[in-house]
2 protein chains.
Amino acid sequence: MQVQAIQVACSNCNLRELCMPVDLTETDVAKIDQLVQTRRKIKRGQALFTAGDPFTSLYAIRTGFFKTSVVTDGGLDQVTGFQMAGEIMGLDGIVNQVHRCDAIALEDAEVCVMPFERMEELSREVNALQHHVHKIMSREIVREHSVMLLLGSMRAEERLAAFLLNLAQRLHARGFSRSEMILRMKREEIGSYLGMKLETVSRTFSKFVDDGLILVNQRHVQILDADGLHRIVHTAQVD
Amino acid sequence: MQVQAIQVACSNCNLRELCMPVDLTETDVAKIDQLVQTRRKIKRGQALFTAGDPFTSLYAIRTGFFKTSVVTDGGLDQVTGFQMAGEIMGLDGIVNQVHRCDAIALEDAEVCVMPFERMEELSREVNALQHHVHKIMSREIVREHSVMLLLGSMRAEERLAAFLLNLAQRLHARGFSRSEMILRMKREEIGSYLGMKLETVSRTFSKFVDDGLILVNQRHVQILDADGLHRIVHTAQVD
DNA sequence: CGACACCTTGAAGAGGTTCAAGAAATGTGG
DNA sequence: CCACATTTCTTGAACCTCTTCAAGGTGTCG
């Protein structure tokens, strides 16, 4: 496990508005800079944590791209999310002080380690941080609701269209192109996340290409007609 | 909207260990008793809150049974959960100060209103409450992961078996029979939650009856062979 | 008791899965 | 740097699960 002392304080981090509260007083800023003492580098394919690991910290992604997934004793495997810079991982560990999913780096990554006890302490002193923690968790709950909607009521094309639009939107919020992206995950992982088989993912990609909605070259995807994709998602009608 | 002053303090509530932290000092108990100043009664079919309502409070169910669901502009409808006594609703509202789902009473109900600003204040003073709030939210995230697993990787029979076992287990934790229950929701709502059509829910119930796993009489369900149901859930194998 | 909502069951059909084969990319060792 | 092995992706064809549509049954409540 690669651990290293930190070079950049939160207050100077370019991801600050993504993972930390804004509108802090100077003294609050100074306190929060104490929170992240270490960073960890994770090589592609390596786990940041796996189910069963004791929970000690939340992790903010500084660079790289992750997937989180739950596994059952039966061997079932479900990808529960894909995380990118500025997003927080590890929230599932708080209840029982044990991680309940795996977090795997899909490309070389670096995360900020935020010891949770320290966060709770600081939250009592810095109201903005307290509220921020609550918001992060609430946001995750809302996100999962929308995944439930996707898995529970949409068909394959709608799911994949929604997935691509969501990825593009998040990447764009981080300064990348709104229409072009490199997928960090394989078809099988997309399929697991979206509740469909990898063959169906591949076929649906091909269909979108035939319909002139996107261009696909392996993991390079270009969105040609975002409105068309939106229309597919919202064609998801009740009878 | 029915609001009323409170008769039972948290410290005397029989649901205390379900919705409040344990191991409090006397002074902490006194503080927490200040949290719930009002209760609200909700008639069957009425909404406690709906998507778009401003968020002010979390709600602890004292009696009754709820469903929560998200609706899209497209008219899609997804039940995201069923809640019973001692469980907390409203967590989705924290991020943007707006509720993002509907909470509908499936039987006459009463909830304790917990103003969230008050909770944040108290959390700064009472460490146990702070940690408790974090645990509640984390537990909800973990629960939703398991729903994603269910929706993403299980087939109809596995989903319904898992659903029945989960309900039975939660009811049993509240002192009810481990094997007999009255469903508070209709087939359509079960179907929405489990990502299947009401006809499929009905057919699957019938199959379980044929197989001697359960007895069904409308909404009265009796589990005859819990092990058999467990086997169905865990037969969910990866090849 | 009649109207309405809810549930069950059948038959036909669609959407997605499974199995299989081959193509394209990626990694490895000489 | 090339040959080979491995992984990942695409596509086809048959099959299966679940949905859709339809009709009839059952329960409930004014």
# chains A, B, ... in the order shown; residues from 1 in each chain; ligands from 1

$ residues_around --residues "DG27 in chain C" --least-positions-apart "4" --cutoff "10 Å" --atoms "only C-alpha atoms (C1' of nucleotides)" --output "PyMOL selection string"
chain D and resi 5-7

$ interface_residues --of "chain D" --to "chain B" --cutoff "12 Å" --atoms "only C-alpha atoms (C1' of nucleotides)" --output "ChimeraX atom specification"
/D:17-21,26-27

$ write_last_selection --atoms "N, CA, C and O atoms (P, O5', C5', C4', C3', O3' and C1' of nucleotides)" --output "PDB file, in the first residue's frame"
ATOM      1  P    DT D  17     -36.757 -19.916 -18.213  1.00  0.00           P
ATOM      2  O5'  DT D  17     -36.892 -18.498 -17.501  1.00  0.00           O
ATOM      3  C5'  DT D  17     -35.863 -17.538 -17.671  1.00  0.00           C
ATOM      4  C4'  DT D  17     -36.455 -16.144 -17.770  1.00  0.00           C
ATOM      5  C3'  DT D  17     -37.607 -15.879 -16.810  1.00  0.00           C
ATOM      6  O3'  DT D  17     -37.247 -14.726 -16.075  1.00  0.00           O
ATOM      7  C1'  DT D  17     -38.175 -15.194 -19.007  1.00  0.00           C
ATOM      8  P    DC D  18     -38.097 -14.217 -14.836  1.00  0.00           P
ATOM      9  O5'  DC D  18     -38.962 -13.057 -15.495  1.00  0.00           O
ATOM     10  C5'  DC D  18     -38.278 -11.965 -16.105  1.00  0.00           C
ATOM     11  C4'  DC D  18     -39.236 -11.213 -16.991  1.00  0.00           C
ATOM     12  C3'  DC D  18     -40.464 -10.662 -16.289  1.00  0.00           C
ATOM     13  O3'  DC D  18     -40.418  -9.251 -16.425  1.00  0.00           O
ATOM     14  C1'  DC D  18     -41.031 -11.702 -18.358  1.00  0.00           C
ATOM     15  P    DT D  19     -41.662  -8.321 -16.021  1.00  0.00           P
ATOM     16  O5'  DT D  19     -42.393  -8.063 -17.414  1.00  0.00           O
ATOM     17  C5'  DT D  19     -41.640  -7.515 -18.473  1.00  0.00           C
ATOM     18  C4'  DT D  19     -42.526  -7.300 -19.679  1.00  0.00           C
ATOM     19  C3'  DT D  19     -43.770  -6.455 -19.427  1.00  0.00           C
ATOM     20  O3'  DT D  19     -43.839  -5.500 -20.485  1.00  0.00           O
ATOM     21  C1'  DT D  19     -44.390  -8.533 -20.402  1.00  0.00           C
ATOM     22  P    DT D  20     -44.890  -4.306 -20.416  1.00  0.00           P
ATOM     23  O5'  DT D  20     -46.054  -4.785 -21.409  1.00  0.00           O
ATOM     24  C5'  DT D  20     -45.702  -5.284 -22.688  1.00  0.00           C
ATOM     25  C4'  DT D  20     -46.939  -5.865 -23.351  1.00  0.00           C
ATOM     26  C3'  DT D  20     -48.240  -5.096 -23.083  1.00  0.00           C
ATOM     27  O3'  DT D  20     -48.850  -4.815 -24.336  1.00  0.00           O
ATOM     28  C1'  DT D  20     -48.532  -7.413 -22.662  1.00  0.00           C
ATOM     29  P    DC D  21     -50.086  -3.809 -24.457  1.00  0.00           P
ATOM     30  O5'  DC D  21     -51.321  -4.798 -24.627  1.00  0.00           O
ATOM     31  C5'  DC D  21     -51.234  -5.857 -25.578  1.00  0.00           C
ATOM     32  C4'  DC D  21     -52.384  -6.816 -25.386  1.00  0.00           C
ATOM     33  C3'  DC D  21     -53.713  -6.159 -25.005  1.00  0.00           C
ATOM     34  O3'  DC D  21     -54.726  -6.710 -25.816  1.00  0.00           O
ATOM     35  C1'  DC D  21     -53.215  -7.891 -23.515  1.00  0.00           C
ATOM     36  P    DT D  26     -63.791 -16.796  -7.287  1.00  0.00           P
ATOM     37  O5'  DT D  26     -63.297 -15.684  -6.268  1.00  0.00           O
ATOM     38  C5'  DT D  26     -61.908 -15.377  -6.195  1.00  0.00           C
ATOM     39  C4'  DT D  26     -61.721 -14.096  -5.402  1.00  0.00           C
ATOM     40  C3'  DT D  26     -62.678 -13.971  -4.202  1.00  0.00           C
ATOM     41  O3'  DT D  26     -61.873 -13.805  -3.047  1.00  0.00           O
ATOM     42  C1'  DT D  26     -62.586 -11.961  -5.451  1.00  0.00           C
ATOM     43  P    DG D  27     -62.512 -13.791  -1.604  1.00  0.00           P
ATOM     44  O5'  DG D  27     -62.386 -12.246  -1.252  1.00  0.00           O
ATOM     45  C5'  DG D  27     -61.103 -11.643  -1.288  1.00  0.00           C
ATOM     46  C4'  DG D  27     -61.242 -10.136  -1.137  1.00  0.00           C
ATOM     47  C3'  DG D  27     -62.056  -9.707   0.092  1.00  0.00           C
ATOM     48  O3'  DG D  27     -61.270  -8.759   0.798  1.00  0.00           O
ATOM     49  C1'  DG D  27     -62.872  -8.653  -1.886  1.00  0.00           C
TER      50       DG D  27
END

$ interface_residues --of "chain C" --to "chain B" --cutoff "10 Å" --atoms "only C-alpha atoms (C1' of nucleotides)" --output "number ranges by chain"
C: 6-9

$ closest_atom_pairs --of "chain B" --to "chain A" --cutoff "8 Å" --atoms "only C-alpha atoms" --output "JSON lines"
{"residue": "B:Val70", "atom": "CA", "partner": "A:His145", "partner_atom": "CA", "distance": 7.4}
{"residue": "B:Asp73", "atom": "CA", "partner": "A:His234", "partner_atom": "CA", "distance": 7.9}
{"residue": "B:Gly74", "atom": "CA", "partner": "A:Gln237", "partner_atom": "CA", "distance": 5.4}
{"residue": "B:Gly75", "atom": "CA", "partner": "A:Val238", "partner_atom": "CA", "distance": 5.5}
{"residue": "B:Leu76", "atom": "CA", "partner": "A:Val238", "partner_atom": "CA", "distance": 5.4}
{"residue": "B:Asp77", "atom": "CA", "partner": "A:Leu149", "partner_atom": "CA", "distance": 7.6}
{"residue": "B:Gln78", "atom": "CA", "partner": "A:Leu149", "partner_atom": "CA", "distance": 5.5}
{"residue": "B:Thr80", "atom": "CA", "partner": "A:His145", "partner_atom": "CA", "distance": 6.5}
{"residue": "B:Leu91", "atom": "CA", "partner": "A:Ser138", "partner_atom": "CA", "distance": 5.9}
{"residue": "B:Asp92", "atom": "CA", "partner": "A:Ser138", "partner_atom": "CA", "distance": 5.3}
{"residue": "B:Gly93", "atom": "CA", "partner": "A:Ser138", "partner_atom": "CA", "distance": 7.2}
{"residue": "B:Ile94", "atom": "CA", "partner": "A:Ser138", "partner_atom": "CA", "distance": 5.8}
{"residue": "B:Val95", "atom": "CA", "partner": "A:Lys135", "partner_atom": "CA", "distance": 4.4}
{"residue": "B:Asn96", "atom": "CA", "partner": "A:Lys135", "partner_atom": "CA", "distance": 7.9}
{"residue": "B:Arg100", "atom": "CA", "partner": "A:Val142", "partner_atom": "CA", "distance": 7.4}
{"residue": "B:Glu120", "atom": "CA", "partner": "A:His131", "partner_atom": "CA", "distance": 7.7}
{"residue": "B:Ser123", "atom": "CA", "partner": "A:Arg124", "partner_atom": "CA", "distance": 7.4}
{"residue": "B:Arg124", "atom": "CA", "partner": "A:Arg124", "partner_atom": "CA", "distance": 4.5}
{"residue": "B:Glu125", "atom": "CA", "partner": "A:Arg124", "partner_atom": "CA", "distance": 7.5}
{"residue": "B:Gln130", "atom": "CA", "partner": "A:Glu120", "partner_atom": "CA", "distance": 7.8}
{"residue": "B:His131", "atom": "CA", "partner": "A:Glu120", "partner_atom": "CA", "distance": 7.8}
{"residue": "B:His134", "atom": "CA", "partner": "A:Ile94", "partner_atom": "CA", "distance": 7.0}
{"residue": "B:Lys135", "atom": "CA", "partner": "A:Val95", "partner_atom": "CA", "distance": 4.4}
{"residue": "B:Ile136", "atom": "CA", "partner": "A:Val95", "partner_atom": "CA", "distance": 7.2}
{"residue": "B:Met137", "atom": "CA", "partner": "A:Met137", "partner_atom": "CA", "distance": 6.5}
{"residue": "B:Ser138", "atom": "CA", "partner": "A:Asp92", "partner_atom": "CA", "distance": 5.3}
{"residue": "B:Arg139", "atom": "CA", "partner": "A:Val95", "partner_atom": "CA", "distance": 5.6}
{"residue": "B:Glu140", "atom": "CA", "partner": "A:Ile141", "partner_atom": "CA", "distance": 7.3}
{"residue": "B:Ile141", "atom": "CA", "partner": "A:Ile141", "partner_atom": "CA", "distance": 5.9}
{"residue": "B:Val142", "atom": "CA", "partner": "A:Asp92", "partner_atom": "CA", "distance": 5.6}
{"residue": "B:Glu144", "atom": "CA", "partner": "A:Glu144", "partner_atom": "CA", "distance": 6.6}
{"residue": "B:His145", "atom": "CA", "partner": "A:Thr80", "partner_atom": "CA", "distance": 6.5}
{"residue": "B:Val147", "atom": "CA", "partner": "A:Met148", "partner_atom": "CA", "distance": 7.5}
{"residue": "B:Met148", "atom": "CA", "partner": "A:Met148", "partner_atom": "CA", "distance": 6.3}
{"residue": "B:Leu149", "atom": "CA", "partner": "A:Gln78", "partner_atom": "CA", "distance": 5.5}
{"residue": "B:Leu151", "atom": "CA", "partner": "A:Leu151", "partner_atom": "CA", "distance": 5.9}
{"residue": "B:Gly152", "atom": "CA", "partner": "A:Gly195", "partner_atom": "CA", "distance": 4.0}
{"residue": "B:Ser153", "atom": "CA", "partner": "A:Gly195", "partner_atom": "CA", "distance": 6.2}
{"residue": "B:Ser192", "atom": "CA", "partner": "A:Gly152", "partner_atom": "CA", "distance": 6.9}
{"residue": "B:Tyr193", "atom": "CA", "partner": "A:Gly152", "partner_atom": "CA", "distance": 7.1}
{"residue": "B:Leu194", "atom": "CA", "partner": "A:Gly152", "partner_atom": "CA", "distance": 6.7}
{"residue": "B:Gly195", "atom": "CA", "partner": "A:Gly152", "partner_atom": "CA", "distance": 4.0}
{"residue": "B:Met196", "atom": "CA", "partner": "A:Gly152", "partner_atom": "CA", "distance": 7.4}
{"residue": "B:His234", "atom": "CA", "partner": "A:Gly74", "partner_atom": "CA", "distance": 5.5}
{"residue": "B:Thr235", "atom": "CA", "partner": "A:Gly74", "partner_atom": "CA", "distance": 7.0}
{"residue": "B:Ala236", "atom": "CA", "partner": "A:Gly74", "partner_atom": "CA", "distance": 6.4}
{"residue": "B:Gln237", "atom": "CA", "partner": "A:Gly74", "partner_atom": "CA", "distance": 5.3}
{"residue": "B:Val238", "atom": "CA", "partner": "A:Leu76", "partner_atom": "CA", "distance": 5.4}

$ residues_around --residues "Arg40 in chain B" --least-positions-apart "2" --cutoff "12 Å" --atoms "only C-alpha atoms (C1' of nucleotides)" --output "ChimeraX atom specification"
/B:1-6,36-38,42-43,46-49,57-64,105,108-114

$ select_by_dssp --residues "range 174-215 of chain A" --states "helix (DSSP H, G or I)" --output "number ranges by chain"
A: 187-194, 198-210

$ residues_around --residues "range 174-176 of chain B" --least-positions-apart "6" --cutoff "10 Å" --atoms "only C-alpha atoms (C1' of nucleotides)" --output "compact mmCIF listing (two decimals) with N, CA and C atoms, in the first residue's frame"
# COMPACT_ATOMS: atom_id res chain seq x y z
N LEU B 15 -39.97 2.37 21.00
CA LEU B 15 -39.21 2.20 19.76
C LEU B 15 -37.81 2.78 19.91
N LEU B 18 -34.81 1.43 18.33
CA LEU B 18 -34.84 1.36 16.87
C LEU B 18 -34.42 2.68 16.23
N MET B 84 -41.27 0.93 8.05
CA MET B 84 -42.14 0.59 9.17
C MET B 84 -41.63 1.21 10.47
N ALA B 85 -42.31 0.94 11.56
CA ALA B 85 -42.04 1.58 12.85
C ALA B 85 -40.54 1.62 13.18
N GLY B 86 -40.10 2.78 13.62
CA GLY B 86 -38.72 2.93 14.05
C GLY B 86 -37.79 3.36 12.94
N ALA B 168 -40.29 -10.21 6.53
CA ALA B 168 -40.52 -11.06 7.70
C ALA B 168 -39.50 -10.77 8.79

$ closest_residue --among "B:Met20, B:Leu106, B:Leu171, B:Leu215" --to "Met185 in chain B" --atoms "only C-alpha atoms"
B:Leu106

$ atom_distance --atom1 "CA of Ile232 in chain A" --atom2 "CA of Glu158 in chain A"
5.7 Å

$ residues_around --residues "Ala226 in chain A" --least-positions-apart "5" --cutoff "10 Å" --atoms "only C-alpha atoms (C1' of nucleotides)" --output "NGL selection string"
:A and (161 or 164-165 or 168 or 178-179 or 213-214 or 231-232)

$ residues_around --residues "DG30 in chain D" --least-positions-apart "2" --cutoff "12 Å" --atoms "only C-alpha atoms (C1' of nucleotides)" --output "MDAnalysis selection string"
(chainID C and resid 1:4) or (chainID D and resid 28)

$ atom_distance --atom1 "CA of Leu35 in chain A" --atom2 "CA of Ala103 in chain A"
21.6 Å

$ residues_around --residues "DG22 in chain C" --least-positions-apart "3" --cutoff "12 Å" --atoms "only C-alpha atoms (C1' of nucleotides)" --output "PyMOL selection string"
chain D and resi 9-12

$ write_last_selection --atoms "C-alpha atoms (C1' of nucleotides)" --output "PDB file, in the first residue's frame"
ATOM      1  C1'  DC D   9     -15.493  -6.842 -27.866  1.00  0.00           C
ATOM      2  C1'  DT D  10     -18.840  -7.884 -31.627  1.00  0.00           C
ATOM      3  C1'  DT D  11     -22.279 -10.449 -33.949  1.00  0.00           C
ATOM      4  C1'  DG D  12     -25.498 -14.352 -35.026  1.00  0.00           C
TER       5       DG D  12
END

$ atom_distance --atom1 "CA of Phe65 in chain A" --atom2 "CA of Phe208 in chain A"
25.0 Å

$ select_by_dssp --residues "range 50-145 of chain A" --states "strand (DSSP E or B)" --output "ChimeraX atom specification"
/A:54,57-71,77-84,88-89,98,102-115

$ write_last_selection --atoms "N, CA and C atoms" --output "tab-separated table (two decimals), in the first residue's frame"
chain	number	residue	atom	x	y	z
A	54	PRO	N	-11.86	-3.31	7.82
A	54	PRO	CA	-12.33	-2.38	8.85
A	54	PRO	C	-12.42	-0.97	8.27
A	57	SER	N	-11.78	5.39	7.39
A	57	SER	CA	-11.70	6.68	6.71
A	57	SER	C	-12.64	6.74	5.52
A	58	LEU	N	-13.00	7.95	5.17
A	58	LEU	CA	-13.59	8.20	3.86
A	58	LEU	C	-12.45	8.58	2.92
A	59	TYR	N	-12.71	8.44	1.64
A	59	TYR	CA	-11.69	8.74	0.65
A	59	TYR	C	-12.24	9.69	-0.41
A	60	ALA	N	-11.51	10.75	-0.67
A	60	ALA	CA	-11.87	11.66	-1.75
A	60	ALA	C	-10.93	11.38	-2.91
A	61	ILE	N	-11.50	11.20	-4.08
A	61	ILE	CA	-10.65	10.90	-5.24
A	61	ILE	C	-9.98	12.17	-5.74
A	62	ARG	N	-8.66	12.08	-5.83
A	62	ARG	CA	-7.92	13.23	-6.35
A	62	ARG	C	-7.68	13.06	-7.85
A	63	THR	N	-7.20	11.91	-8.22
A	63	THR	CA	-7.11	11.58	-9.65
A	63	THR	C	-7.51	10.13	-9.82
A	64	GLY	N	-7.94	9.79	-11.04
A	64	GLY	CA	-8.25	8.40	-11.32
A	64	GLY	C	-9.73	8.13	-11.35
A	65	PHE	N	-10.04	6.86	-11.43
A	65	PHE	CA	-11.42	6.45	-11.68
A	65	PHE	C	-11.65	5.11	-11.00
A	66	PHE	N	-12.75	4.98	-10.28
A	66	PHE	CA	-13.02	3.76	-9.51
A	66	PHE	C	-14.36	3.14	-9.87
A	67	LYS	N	-14.48	1.87	-9.54
A	67	LYS	CA	-15.80	1.25	-9.48
A	67	LYS	C	-15.98	0.73	-8.08
A	68	THR	N	-17.22	0.72	-7.60
A	68	THR	CA	-17.53	0.04	-6.34
A	68	THR	C	-18.51	-1.08	-6.66
A	69	SER	N	-18.35	-2.20	-5.98
A	69	SER	CA	-19.25	-3.31	-6.25
A	69	SER	C	-19.47	-4.16	-5.00
A	70	VAL	N	-20.65	-4.73	-4.91
A	70	VAL	CA	-20.97	-5.65	-3.82
A	70	VAL	C	-20.97	-7.07	-4.37
A	71	VAL	N	-20.56	-7.99	-3.55
A	71	VAL	CA	-20.53	-9.40	-3.94
A	71	VAL	C	-21.31	-10.19	-2.89
A	77	ASP	N	-22.43	-10.57	-8.37
A	77	ASP	CA	-21.57	-9.41	-8.36
A	77	ASP	C	-22.36	-8.25	-8.95
A	78	GLN	N	-22.40	-7.14	-8.25
A	78	GLN	CA	-23.16	-6.00	-8.74
A	78	GLN	C	-22.32	-4.74	-8.59
A	79	VAL	N	-22.03	-4.10	-9.70
A	79	VAL	CA	-21.35	-2.80	-9.64
A	79	VAL	C	-22.37	-1.77	-9.16
A	80	THR	N	-22.02	-1.05	-8.09
A	80	THR	CA	-22.97	-0.10	-7.51
A	80	THR	C	-22.68	1.33	-7.94
A	81	GLY	N	-21.52	1.56	-8.56
A	81	GLY	CA	-21.24	2.91	-9.01
A	81	GLY	C	-19.86	3.05	-9.61
A	82	PHE	N	-19.68	4.12	-10.36
A	82	PHE	CA	-18.38	4.51	-10.89
A	82	PHE	C	-18.07	5.89	-10.33
A	83	GLN	N	-16.87	6.06	-9.78
A	83	GLN	CA	-16.55	7.33	-9.12
A	83	GLN	C	-15.36	8.00	-9.78
A	84	MET	N	-15.43	9.32	-9.86
A	84	MET	CA	-14.32	10.07	-10.47
A	84	MET	C	-13.88	11.22	-9.56
A	88	ILE	N	-16.64	11.07	-3.24
A	88	ILE	CA	-16.27	10.49	-1.95
A	88	ILE	C	-16.64	9.01	-1.91
A	89	MET	N	-15.75	8.18	-1.42
A	89	MET	CA	-16.04	6.75	-1.29
A	89	MET	C	-15.89	6.30	0.16
A	98	VAL	N	-17.36	-1.43	9.10
A	98	VAL	CA	-16.79	-2.40	8.16
A	98	VAL	C	-17.23	-2.01	6.76
A	102	ASP	N	-16.44	-3.44	-2.47
A	102	ASP	CA	-15.07	-3.29	-2.94
A	102	ASP	C	-14.97	-1.98	-3.70
A	103	ALA	N	-13.83	-1.29	-3.57
A	103	ALA	CA	-13.55	-0.12	-4.39
A	103	ALA	C	-12.29	-0.42	-5.18
A	104	ILE	N	-12.44	-0.55	-6.48
A	104	ILE	CA	-11.33	-0.95	-7.35
A	104	ILE	C	-10.98	0.19	-8.29
A	105	ALA	N	-9.70	0.48	-8.40
A	105	ALA	CA	-9.26	1.54	-9.32
A	105	ALA	C	-9.30	1.01	-10.75
A	106	LEU	N	-9.95	1.75	-11.63
A	106	LEU	CA	-10.02	1.35	-13.04
A	106	LEU	C	-8.92	2.05	-13.84
A	107	GLU	N	-8.24	2.99	-13.22
A	107	GLU	CA	-7.00	3.52	-13.77
A	107	GLU	C	-6.16	3.99	-12.58
A	108	ASP	N	-4.89	4.18	-12.79
A	108	ASP	CA	-4.03	4.60	-11.69
A	108	ASP	C	-4.67	5.80	-11.01
A	109	ALA	N	-4.66	5.80	-9.69
A	109	ALA	CA	-5.44	6.80	-8.98
A	109	ALA	C	-4.73	7.26	-7.72
A	110	GLU	N	-5.20	8.39	-7.23
A	110	GLU	CA	-4.71	8.89	-5.96
A	110	GLU	C	-5.90	9.40	-5.16
A	111	VAL	N	-5.96	9.03	-3.90
A	111	VAL	CA	-7.08	9.46	-3.06
A	111	VAL	C	-6.57	10.18	-1.81
A	112	CYS	N	-7.38	11.11	-1.32
A	112	CYS	CA	-7.10	11.77	-0.05
A	112	CYS	C	-7.76	10.96	1.06
A	113	VAL	N	-7.00	10.61	2.08
A	113	VAL	CA	-7.53	9.82	3.18
A	113	VAL	C	-8.10	10.75	4.24
A	114	MET	N	-9.37	10.58	4.57
A	114	MET	CA	-10.00	11.45	5.58
A	114	MET	C	-10.47	10.59	6.74
A	115	PRO	N	-9.67	10.49	7.79
A	115	PRO	CA	-10.03	9.65	8.95
A	115	PRO	C	-11.38	10.10	9.50
